[in-house]
>>> print(open('run11.txt').read())   # compact mmCIF, C-alpha atoms
# COMPACT_ATOMS: atom_id res chain seq x y z
CA MET D 189 0.46 1.35 -2.88
CA ALA D 190 -1.67 3.56 -5.06
CA GLY D 191 -2.17 7.30 -4.94
CA HIS D 192 -5.50 9.04 -4.50
CA GLY D 193 -7.10 9.44 -7.89
CA ALA D 194 -5.28 7.65 -10.70
CA GLU D 195 -6.40 10.32 -13.18
CA GLU D 196 -4.85 13.12 -11.14
CA HIS D 197 -1.67 11.23 -10.34
CA PRO D 198 -1.18 8.61 -13.08
CA HIS D 199 2.08 7.10 -11.89
CA GLY D 200 3.47 4.17 -9.98
CA ALA D 201 5.73 3.97 -6.95
CA ASP D 202 8.86 4.28 -9.08
CA ARG D 203 8.28 7.88 -10.19
CA LEU D 204 6.34 11.01 -9.28
CA CYS D 205 4.01 13.36 -11.10
CA ALA D 206 5.33 16.85 -11.77
CA ALA D 207 3.49 18.36 -8.79
CA GLY D 208 4.70 15.63 -6.45
CA ASP D 209 8.24 16.00 -7.76
CA ARG D 210 8.23 19.74 -6.94
CA VAL D 211 6.89 19.31 -3.40
CA TYR D 212 9.16 16.37 -2.51
CA SER D 213 12.22 18.13 -3.98
CA ARG D 214 11.41 21.24 -1.93
CA ALA D 215 11.01 19.09 1.19
CA VAL D 216 14.40 17.42 0.65
CA ARG D 217 16.13 20.78 0.08
CA ARG D 218 14.53 22.55 3.07
CA GLY D 219 14.14 19.61 5.45
CA ARG D 220 10.35 20.00 5.76
CA VAL D 221 7.30 21.63 4.16
CA PRO D 222 3.95 22.85 5.53
CA ARG D 223 1.24 20.17 5.52
CA THR D 224 -0.85 22.42 3.25
CA ASP D 225 1.78 22.09 0.49
CA ALA D 226 0.99 18.37 0.17
CA GLU D 227 -2.80 18.68 -0.03
CA ALA D 228 -2.72 18.82 -3.83
CA VAL D 229 -0.41 15.79 -4.06
CA PRO D 230 -1.79 13.06 -1.76
CA CYS D 231 0.42 10.57 -3.56
CA LEU D 232 3.37 11.74 -1.44
CA LEU D 233 1.65 10.54 1.73
CA ASP D 234 0.34 7.39 0.05
CA LEU D 235 3.87 6.48 -0.99
CA ALA D 236 5.19 7.46 2.48
CA LEU D 237 7.55 10.02 0.96
CA LEU D 238 6.35 12.62 3.48
CA HIS D 239 5.27 12.09 7.06
CA PRO D 240 4.35 14.31 10.06
CA ASP D 241 7.09 16.16 11.89
CA PRO D 242 7.16 14.77 15.49
CA ASP D 243 7.81 18.29 16.81
CA ASP D 244 5.07 20.07 14.85
CA MET D 245 2.18 18.15 13.24
CA ASP D 246 1.46 21.11 10.92
CA TRP D 247 4.67 20.30 9.03
CA LEU D 248 5.74 17.30 6.96
CA VAL D 249 9.29 15.98 6.73
CA PRO D 250 10.58 13.90 3.83
CA THR D 251 11.54 10.29 4.17
CA SER D 252 15.20 10.13 3.20
CA PRO D 253 15.77 9.11 -0.43
CA GLN D 254 18.01 6.28 0.77
CA GLU D 255 15.26 4.85 2.96
CA VAL D 256 12.68 5.21 0.20
CA MET D 257 14.89 3.40 -2.25
CA THR D 258 15.60 0.61 0.21
CA ARG D 259 11.91 0.10 0.95
CA LEU D 260 10.98 0.18 -2.71
CA LEU D 261 13.64 -2.29 -3.76
CA ARG D 262 12.65 -4.68 -0.99
CA GLY D 263 9.22 -5.05 -2.59
CA VAL D 264 10.44 -4.88 -6.17
CA TYR D 265 12.85 -7.79 -5.78
CA ASP D 266 9.96 -10.02 -4.65
CA GLU D 267 8.63 -9.74 -8.21
CA VAL D 268 11.91 -9.31 -10.02
CA SER D 269 10.73 -11.17 -13.11
CA GLU D 270 8.28 -8.40 -13.96
CA SER D 271 9.95 -5.50 -12.18
CA GLN D 272 13.40 -5.03 -13.78
CA ARG D 273 12.33 -1.84 -15.45
CA LYS D 274 10.96 -0.48 -12.15
CA VAL D 275 14.23 -1.21 -10.35
CA GLY D 276 16.23 0.83 -12.84
CA SER D 277 13.89 3.80 -12.85
CA ALA D 278 13.55 3.74 -9.03
CA VAL D 279 17.31 3.83 -8.54
CA ALA D 280 17.68 6.66 -11.01
CA ALA D 281 14.82 8.65 -9.50
CA PHE D 282 15.89 8.43 -5.88
CA GLU D 283 19.58 8.94 -6.57
CA TRP D 284 18.53 12.22 -8.14
CA TYR D 285 16.63 13.25 -5.00
CA ALA D 286 19.52 12.15 -2.78
CA GLY D 287 21.78 14.60 -4.60
CA LEU D 288 19.59 17.62 -4.06
CA GLY D 289 20.98 18.33 -0.60
CA ARG D 290 19.59 21.03 1.66
CA PRO D 291 20.53 24.59 2.71
CA PRO D 292 22.84 24.96 5.76
CA GLY D 293 20.91 25.13 9.01
CA ALA D 294 17.76 23.49 7.68
CA PRO D 295 16.37 20.63 9.83
CA SER D 296 17.53 17.25 8.62
CA ALA D 297 15.12 14.56 7.51
CA PRO D 298 15.00 11.52 9.78
CA ALA D 299 16.87 8.55 8.33
CA GLU D 300 15.92 4.91 8.57
CA GLY D 301 16.15 3.75 12.17
CA SER D 302 15.73 7.32 13.52
CA ALA D 303 15.06 7.79 17.23
CA ILE D 304 11.41 8.89 16.83
CA ARG D 305 9.24 8.21 13.83
CA VAL D 306 5.58 9.25 13.43
CA LEU D 307 3.43 6.56 11.82
CA ASP D 308 0.39 8.23 10.27
CA GLY D 309 -2.42 5.81 9.40
CA LEU D 310 -3.25 2.23 10.30
CA SER D 311 -1.52 0.78 7.25
CA ARG D 312 1.82 2.36 8.16
CA ILE D 313 1.43 1.29 11.78
CA GLN D 314 0.70 -2.29 10.76
CA ALA D 315 3.65 -2.31 8.33
CA ALA D 316 6.04 -1.04 11.01
CA MET D 317 4.74 -3.57 13.52
CA ASP D 318 5.15 -6.40 11.01
CA GLU D 319 8.72 -5.27 10.30
CA ALA D 320 9.55 -5.18 14.02
CA THR D 321 8.00 -8.61 14.47
CA GLU D 322 10.15 -10.07 11.71
CA ALA D 323 13.30 -8.64 13.29
CA CYS D 324 12.42 -9.72 16.86
CA THR D 325 14.44 -12.65 18.21
CA THR D 326 14.08 -12.70 22.00
CA GLU D 327 11.25 -10.91 23.80
CA VAL D 328 8.07 -8.88 23.38
CA LEU D 329 6.56 -6.85 26.24
CA THR D 330 3.06 -5.37 25.90
CA VAL D 331 0.64 -3.30 27.96
CA GLN D 332 -2.99 -3.65 26.89
CA PRO D 333 -5.31 -1.10 28.58
CA GLY D 334 -9.08 -1.18 28.60
CA GLY D 335 -11.35 -3.95 29.72
CA ILE D 336 -12.32 -7.18 28.02
CA ARG D 337 -10.36 -7.58 24.79
CA ARG D 338 -12.56 -7.80 21.73
CA GLU D 339 -12.14 -10.76 19.40
CA ALA D 340 -11.26 -8.38 16.53
CA GLU D 341 -8.37 -6.88 18.50
CA LEU D 342 -6.99 -10.29 19.39
CA THR D 343 -7.35 -11.60 15.84
CA GLU D 344 -5.68 -8.49 14.37
CA GLY D 345 -2.31 -9.29 15.93
CA LEU D 346 -2.61 -13.08 15.98
CA HIS D 347 -0.43 -13.59 12.89
CA ARG D 348 2.40 -11.66 14.55
CA ALA D 349 2.04 -13.61 17.80
CA LEU D 350 2.12 -16.95 15.99
CA ALA D 351 5.18 -15.90 13.98
CA LEU D 352 6.96 -14.94 17.21
CA ARG D 353 5.99 -18.19 18.89
CA GLY D 354 7.37 -20.12 15.92
CA ARG D 355 10.79 -18.51 16.50
CA GLY D 356 10.79 -19.15 20.24
CA VAL D 357 10.25 -15.49 21.21
CA ARG D 358 8.89 -15.07 24.74
CA MET D 359 6.00 -12.66 25.39
CA ARG D 360 4.77 -10.95 28.55
CA ASP D 361 1.43 -9.12 28.53
CA LEU D 362 -0.11 -6.77 31.11
CA TYR D 363 -3.90 -6.30 31.26
CA THR D 364 -6.43 -4.81 33.65
CA HIS D 365 -8.20 -7.19 36.05
CA VAL D 366 -11.39 -6.80 34.01
CA ALA D 367 -9.74 -8.57 31.07
CA ARG D 368 -9.81 -11.79 33.11
CA HIS D 369 -13.50 -12.12 32.27
CA GLY D 370 -13.01 -12.16 28.48
CA GLN D 371 -13.27 -15.60 26.90
CA GLY D 372 -11.41 -14.37 23.82
CA LEU D 373 -8.30 -13.60 25.87
CA LEU D 374 -8.46 -16.97 27.60
CA ASN D 375 -8.72 -18.71 24.22
CA TYR D 376 -5.76 -16.71 22.90
CA LEU D 377 -3.57 -17.60 25.89
CA GLU D 378 -4.52 -21.26 25.59
CA LEU D 379 -3.54 -21.20 21.92
CA MET D 380 -0.19 -19.55 22.64
CA GLY D 381 0.67 -21.93 25.49
CA ASP D 382 3.67 -21.16 27.69
CA THR D 383 5.02 -18.73 25.07
CA VAL D 384 2.90 -15.96 26.62
CA GLU D 385 2.76 -15.02 30.29
CA ALA D 386 -0.05 -12.68 31.35
CA ARG D 387 -0.60 -10.65 34.51
CA THR D 388 -3.24 -8.12 35.54
CA LEU D 389 -3.52 -4.91 37.55
CA ASP D 390 -6.37 -2.65 38.67
CA GLU D 391 -5.21 -0.17 36.02
CA VAL D 392 -2.36 0.09 33.56
CA ILE D 393 -0.72 2.76 31.39
CA ASP D 394 -1.73 3.37 27.78
CA ARG D 395 -0.89 0.80 25.12
CA LEU D 396 2.80 -0.08 24.84
CA ILE D 397 4.59 -2.68 22.73
CA LEU D 398 8.34 -3.33 23.11
CA PHE D 399 10.39 -5.58 20.82
CA ASP D 400 13.74 -6.93 22.07
CA ARG D 401 14.10 -3.83 24.29
CA THR D 402 15.27 -1.90 21.22
CA VAL D 403 12.09 -0.52 19.61
CA ALA D 404 8.82 0.60 21.21
CA PHE D 405 5.42 1.61 19.85
CA ILE D 406 3.00 3.92 21.69
CA PRO D 407 -0.19 5.74 20.55
CA ALA D 408 0.21 9.29 19.23
CA ASN D 409 -3.47 10.31 19.34
CA ALA D 410 -6.65 9.34 21.16
CA ASP D 411 -8.20 7.20 18.41
CA ARG D 412 -4.89 5.38 17.77
CA THR D 413 -4.74 6.18 14.07
CA MET D 414 -1.25 7.57 14.65
CA ALA D 415 1.63 5.99 16.57
CA LEU D 416 5.20 6.76 17.57
CA GLU D 417 7.99 4.32 16.79
CA LEU D 418 10.73 4.89 19.38
CA ARG D 419 14.31 3.68 18.95
CA HIS D 420 16.18 6.09 21.20
CA PRO D 421 17.99 3.85 23.75
CA ALA D 422 17.19 6.11 26.73
CA LEU D 423 13.48 6.32 25.86
CA VAL D 424 13.19 2.59 25.27
CA GLU D 425 15.05 1.76 28.49
CA TYR D 426 12.74 4.10 30.42
CA LEU D 427 9.67 2.31 29.05
CA VAL D 428 11.20 -1.08 29.86
CA THR D 429 11.71 0.07 33.46
CA VAL D 430 8.08 1.22 33.68
CA PHE D 431 6.92 -2.14 32.35
CA GLU D 432 9.10 -4.16 34.75
CA ARG D 433 7.87 -2.22 37.79
CA LEU D 434 4.25 -2.72 36.78
CA TRP D 435 4.98 -6.40 36.12
CA ARG D 436 6.28 -6.90 39.66
CA LEU D 437 3.08 -5.36 41.07
CA ALA D 438 0.77 -7.35 38.80
CA ILE D 439 -1.02 -10.62 39.64
CA PRO D 440 -0.56 -13.68 37.38
CA LEU D 441 -3.69 -14.41 35.38
CA THR D 442 -3.68 -17.95 36.77
CA ALA D 443 -3.82 -16.66 40.37
CA PRO D 444 -7.00 -15.38 42.06
CA LEU D 445 -7.35 -11.74 43.01
CA PRO D 446 -6.60 -11.07 46.70
CA ASP D 447 -9.45 -10.75 49.17
CA THR D 448 -10.16 -7.23 50.39
CA GLY D 449 -10.55 -8.36 53.99
CA ILE D 450 -13.82 -6.43 54.22
CA GLU D 451 -16.99 -8.50 54.06
CA GLY D 452 -19.23 -7.69 51.10
CA ILE D 453 -16.67 -5.57 49.23
CA SER D 454 -15.01 -6.99 46.12
CA HIS D 455 -11.51 -6.26 44.85
CA ARG D 456 -12.96 -4.07 42.09
CA GLU D 457 -15.05 -2.08 44.54
CA GLN D 458 -11.95 -1.56 46.65
CA SER D 459 -10.19 -0.11 43.59
CA ILE D 460 -13.16 2.15 42.86
CA ALA D 461 -13.23 3.36 46.46
CA ALA D 462 -9.54 4.27 46.33
CA LEU D 463 -10.04 6.28 43.13
CA LEU D 464 -13.11 7.99 44.56
CA ALA D 465 -11.00 9.01 47.53
CA GLU D 466 -8.46 10.54 45.14
CA GLY D 467 -11.20 12.78 43.75
CA HIS D 468 -11.83 11.18 40.35
CA GLN D 469 -15.21 11.37 38.66
CA ASP D 470 -17.11 8.26 37.61
CA ALA D 471 -16.17 8.48 33.93
CA VAL D 472 -12.46 8.73 34.74
CA ILE D 473 -12.65 5.80 37.16
CA ALA D 474 -14.45 3.69 34.58
CA GLU D 475 -11.84 4.43 31.90
CA ARG D 476 -8.91 3.69 34.19
CA LEU D 477 -10.36 0.36 35.35
CA GLY D 478 -11.59 -0.70 31.91
CA ILE D 479 -15.30 -0.83 32.76
CA SER D 480 -18.36 1.09 31.59
CA VAL D 481 -19.60 4.15 33.47
CA ARG D 482 -22.86 2.31 34.13
CA THR D 483 -21.01 -0.60 35.74
CA CYS D 484 -18.87 1.81 37.74
CA ARG D 485 -21.94 3.55 39.15
CA ALA D 486 -23.53 0.22 40.02
CA HIS D 487 -20.43 -0.65 42.07
CA ILE D 488 -20.56 2.76 43.79
CA ALA D 489 -24.19 2.11 44.71
CA ARG D 490 -23.24 -1.28 46.17
CA LEU D 491 -20.39 0.32 48.09
CA SER D 492 -22.80 2.83 49.58
CA GLU D 493 -25.22 0.08 50.58
CA THR D 494 -22.50 -2.13 52.07
CA LEU D 495 -20.92 0.72 54.02
CA GLY D 496 -24.28 2.16 55.09
CA ALA D 497 -23.72 5.51 53.40
CA ALA D 498 -26.81 7.65 52.83
CA SER D 499 -25.07 10.27 50.67
CA ARG D 500 -21.99 10.84 48.57
CA THR D 501 -20.38 12.79 51.40
CA GLN D 502 -21.09 10.03 53.89
CA LEU D 503 -19.64 7.48 51.48
CA GLY D 504 -16.35 9.39 51.60
CA VAL D 505 -16.37 9.20 55.38
CA ARG D 506 -17.10 5.46 55.36
CA ILE D 507 -14.36 4.79 52.80
CA ALA D 508 -11.84 6.55 55.02
CA GLN D 509 -13.06 4.86 58.19
CA VAL D 510 -12.64 1.31 56.87
CA GLY D 511 -9.35 2.11 55.15
CA LEU D 512 -10.46 1.74 51.54
CA ASP D 513 -8.67 4.99 50.73
CA GLY D 514 -5.35 3.39 51.68
CA HIS D 515 -5.31 4.81 55.24
CA ARG D 516 -7.15 2.23 57.32
CA GLY D 517 -9.04 3.71 60.24
CA ALA D 518 -8.08 7.30 59.49
CA GLY D 519 -11.67 8.38 60.10
CA LEU D 520 -11.47 11.42 57.80
CA PRO D 521 -13.71 12.00 54.76
CA ALA D 522 -12.09 12.03 51.34
CA ARG D 523 -11.82 15.61 50.09
CA ALA D 524 -13.43 15.10 46.70
CA LEU D 525 -16.47 13.22 47.99
CA THR D 526 -17.99 16.23 49.70
CA ALA D 527 -19.91 17.01 46.49
CA PRO D 528 -21.77 14.60 44.19
CA ASP D 529 -20.18 13.69 40.88
CA GLN D 530 -21.98 15.46 38.04
CA GLY D 531 -24.20 12.98 36.23
CA SER D 532 -23.90 10.31 38.97
CA PRO D 533 -27.02 8.68 40.40
CA SER D 534 -27.93 9.83 43.86
CA VAL D 535 -26.79 7.67 46.76
CA ARG D 536 -29.45 6.86 49.32
>>> encode(input="run11.txt", output="C-alpha cells")
Amino acid sequence: MAGHGAEEHPHGADRLCAAGDRVYSRAVRRGRVPRTDAEAVPCLLDLALLHPDPDDMDWLVPTSPQEVMTRLLRGVYDEVSESQRKVGSAVAAFEWYAGLGRPPGAPSAPAEGSAIRVLDGLSRIQAAMDEATEACTTEVLTVQPGGIRREAELTEGLHRALALRGRGVRMRDLYTHVARHGQGLLNYLELMGDTVEARTLDEVIDRLILFDRTVAFIPANADRTMALELRHPALVEYLVTVFERLWRLAIPLTAPLPDTGIEGISHREQSIAALLAEGHQDAVIAERLGISVRTCRAHIARLSETLGAASRTQLGVRIAQVGLDGHRGAGLPARALTAPDQGSPSVR
C-alpha cells in the first residue's frame, strides 16, 4: 500500500514520516483523534493505522500496534527473501508504539477481532471479505437486495465463491423475485451447482453477508463505500435469526411464484398493491421490490385497468375490495390512496 503523494510522505509501510508519527502516537496515547488531525497525513489511512470511530465518524481511532504488526508481517513473510530488513524495522517501530500506552479513562483502541469494526473504502472491505472467506469452513448466508444482479457484481465476488465451493462450504442466498429474470444470476447458480441454494421474496433487507455464523458484514452508508464488520455474538446471532425467518418465507428459485388467485393480476402487481395500501410512494415501492420507478408505475396503471379504477382514490377502494391489501373483501379504501402520489402518472 502506498501513501498519497510519495514526495510528501516518502516512506514505506514499515515506518512513518515525522508528521504521521506524531498523529499516530497521539492517537495511541489518547485513544482517538479528530478526523481533521489526519488530513495532513493521508498515509495513516492508506496504511490502515487509523480508521473511523463507529460511535462518531468525526473521530479516528488507531488500529492497535499489535494488529498492525501482525498484518504487516503476514505480507512481509510472503517475500521474506527481500524483506528481512523490513521485518526488523517493522517490529522495532510497532513495539515502540505499543509501549506508549494511554491516559487513564481514555477510550481504548479496538483490537484485532473487535466486536464492531468500520471498514472505510472498497479496498479495506474487499480485504476483510477475503480474510473472512479464507477462514470460513462451513456456511455462508447472504441477502442480496435490488433487482436483477449485474454481471459486474456477480463477477466481483466469484473468486470468493469458487474458493468456498472448493472447500465444501455451503451457501444460501436470498434475492428479490425480480432477480429471477437475470441471466447472469442463472449462469452463476449453474456454475456453482448444488453448493449454492437460492430463494426469493417480494422484498428483502439490505445487503448482509454472514460467515460461519461468527462474522457479519453490512453496509455503513448508502453508496456502500463503508461497511461494518460485526463479530459480537449477540449481534451476529440476531442477524442469523433474521436471515432464517426470511429464508422460511422465501420461495426456492427453482419453484414458480404462487398464483394470486385474481385473474389478470400478477404476483408482482399483488405486491405493489399491498405496498400502495400501506401508503408508500412509487419510488419507495420500486426500491423495495428492486424495479425501476417507470416499471412500477406501469404496473400501477395495469392494476387500475384490471380493477376498473378511474382514479387513485378508486384504486385504493378496489384494492381493499378484492383483498390485495391483505384483508380480502374488507371493502374499505386504503388510507394513503386518497391522494395521488406526487410525480405519478394520472390514473384514468
>>> residues_around(input="run11.txt", residues="His365 (chain D)", least_positions_apart="5", cutoff="9 Å", atoms="only C-alpha atoms", output="ChimeraX atom specification")
/D:335,387-391,439,441,445,456,477-478
>>> closest_residue(input="run11.txt", among="D:Thr501, D:Thr383, D:Ser213, D:Thr321", to="Leu237 (chain D)", atoms="all atoms listed in the file")
D:Ser213
>>> residues_around(input="run11.txt", residues="Ser480 (chain D)", least_positions_apart="3", cutoff="12 Å", atoms="all atoms listed in the file", output="PyMOL selection string")
chain D and resi 334-336+366+470-477+483-487
>>> residues_around(input="run11.txt", residues="Trp435 (chain D)", least_positions_apart="6", cutoff="12 Å", atoms="only C-alpha atoms", output="list in words")
Leu329, Thr330, Val331, Arg360, Asp361, Leu362, Tyr363, Thr364, Glu385, Ala386, Arg387, Thr388, Leu389, Glu391, Val392, Ile393, Val428, Thr429 and Leu441 of chain D
>>> residues_around(input="run11.txt", residues="Ala489 (chain D)", least_positions_apart="2", cutoff="12 Å", atoms="only C-alpha atoms", output="mmCIF file with C-alpha atoms, keeping the file's coordinate frame")
data_model
loop_
_atom_site.group_PDB
_atom_site.id
_atom_site.type_symbol
_atom_site.label_atom_id
_atom_site.label_comp_id
_atom_site.auth_asym_id
_atom_site.auth_seq_id
_atom_site.Cartn_x
_atom_site.Cartn_y
_atom_site.Cartn_z
ATOM 1 C CA ILE D 453 -16.670 -5.570 49.230
ATOM 2 C CA GLU D 457 -15.050 -2.080 44.540
ATOM 3 C CA ILE D 460 -13.160 2.150 42.860
ATOM 4 C CA ALA D 461 -13.230 3.360 46.460
ATOM 5 C CA ASP D 470 -17.110 8.260 37.610
ATOM 6 C CA ARG D 482 -22.860 2.310 34.130
ATOM 7 C CA THR D 483 -21.010 -0.600 35.740
ATOM 8 C CA CYS D 484 -18.870 1.810 37.740
ATOM 9 C CA ARG D 485 -21.940 3.550 39.150
ATOM 10 C CA ALA D 486 -23.530 0.220 40.020
ATOM 11 C CA HIS D 487 -20.430 -0.650 42.070
ATOM 12 C CA LEU D 491 -20.390 0.320 48.090
ATOM 13 C CA SER D 492 -22.800 2.830 49.580
ATOM 14 C CA GLU D 493 -25.220 0.080 50.580
ATOM 15 C CA THR D 494 -22.500 -2.130 52.070
ATOM 16 C CA LEU D 495 -20.920 0.720 54.020
ATOM 17 C CA GLY D 496 -24.280 2.160 55.090
ATOM 18 C CA ALA D 497 -23.720 5.510 53.400
ATOM 19 C CA ALA D 498 -26.810 7.650 52.830
ATOM 20 C CA SER D 499 -25.070 10.270 50.670
ATOM 21 C CA ARG D 500 -21.990 10.840 48.570
ATOM 22 C CA LEU D 503 -19.640 7.480 51.480
ATOM 23 C CA SER D 532 -23.900 10.310 38.970
ATOM 24 C CA PRO D 533 -27.020 8.680 40.400
ATOM 25 C CA SER D 534 -27.930 9.830 43.860
ATOM 26 C CA VAL D 535 -26.790 7.670 46.760
ATOM 27 C CA ARG D 536 -29.450 6.860 49.320
#
>>> atom_distance(input="run11.txt", atom1="CA of Ser302 (chain D)", atom2="CA of Asp243 (chain D)")
13.9 Å
>>> atom_distance(input="run11.txt", atom1="CA of Leu346 (chain D)", atom2="CA of Thr442 (chain D)")
21.4 Å
>>> residues_near_point(input="run11.txt", point="(6.0, 14.8, 15.8)", cutoff="9 Å", atoms="all atoms listed in the file", output="PyMOL selection string")
chain D and resi 240-245+247+304-306+408+416
>>> atom_distance(input="run11.txt", atom1="CA of Arg223 (chain D)", atom2="CA of Leu248 (chain D)")
5.5 Å
>>> residues_around(input="run11.txt", residues="Ile313 (chain D)", least_positions_apart="3", cutoff="10 Å", atoms="all atoms listed in the file", output="PDB file with C-alpha atoms, keeping the file's coordinate frame")
ATOM      1  CA  VAL D 306       5.580   9.250  13.430  1.00  0.00           C
ATOM      2  CA  LEU D 307       3.430   6.560  11.820  1.00  0.00           C
ATOM      3  CA  ASP D 308       0.390   8.230  10.270  1.00  0.00           C
ATOM      4  CA  GLY D 309      -2.420   5.810   9.400  1.00  0.00           C
ATOM      5  CA  LEU D 310      -3.250   2.230  10.300  1.00  0.00           C
ATOM      6  CA  ALA D 316       6.040  -1.040  11.010  1.00  0.00           C
ATOM      7  CA  MET D 317       4.740  -3.570  13.520  1.00  0.00           C
ATOM      8  CA  ASP D 318       5.150  -6.400  11.010  1.00  0.00           C
ATOM      9  CA  GLU D 319       8.720  -5.270  10.300  1.00  0.00           C
ATOM     10  CA  PHE D 405       5.420   1.610  19.850  1.00  0.00           C
ATOM     11  CA  PRO D 407      -0.190   5.740  20.550  1.00  0.00           C
ATOM     12  CA  ARG D 412      -4.890   5.380  17.770  1.00  0.00           C
ATOM     13  CA  THR D 413      -4.740   6.180  14.070  1.00  0.00           C
ATOM     14  CA  MET D 414      -1.250   7.570  14.650  1.00  0.00           C
ATOM     15  CA  ALA D 415       1.630   5.990  16.570  1.00  0.00           C
ATOM     16  CA  LEU D 416       5.200   6.760  17.570  1.00  0.00           C
ATOM     17  CA  GLU D 417       7.990   4.320  16.790  1.00  0.00           C
TER      18      GLU D 417
END
>>> closest_residue(input="run11.txt", among="D:Gly504, D:Gly372, D:Gly345, D:Pro230", to="Leu464 (chain D)", atoms="all atoms listed in the file")
D:Gly504
>>> closest_residue(input="run11.txt", among="D:Ala236, D:Asp246, D:Tyr376, D:Ile397", to="Thr224 (chain D)", atoms="all atoms listed in the file")
D:Asp246
>>> closest_residue(input="run11.txt", among="D:Leu418, D:Val221, D:Ala226, D:Ala462", to="Ala207 (chain D)", atoms="only C-alpha atoms")
D:Ala226
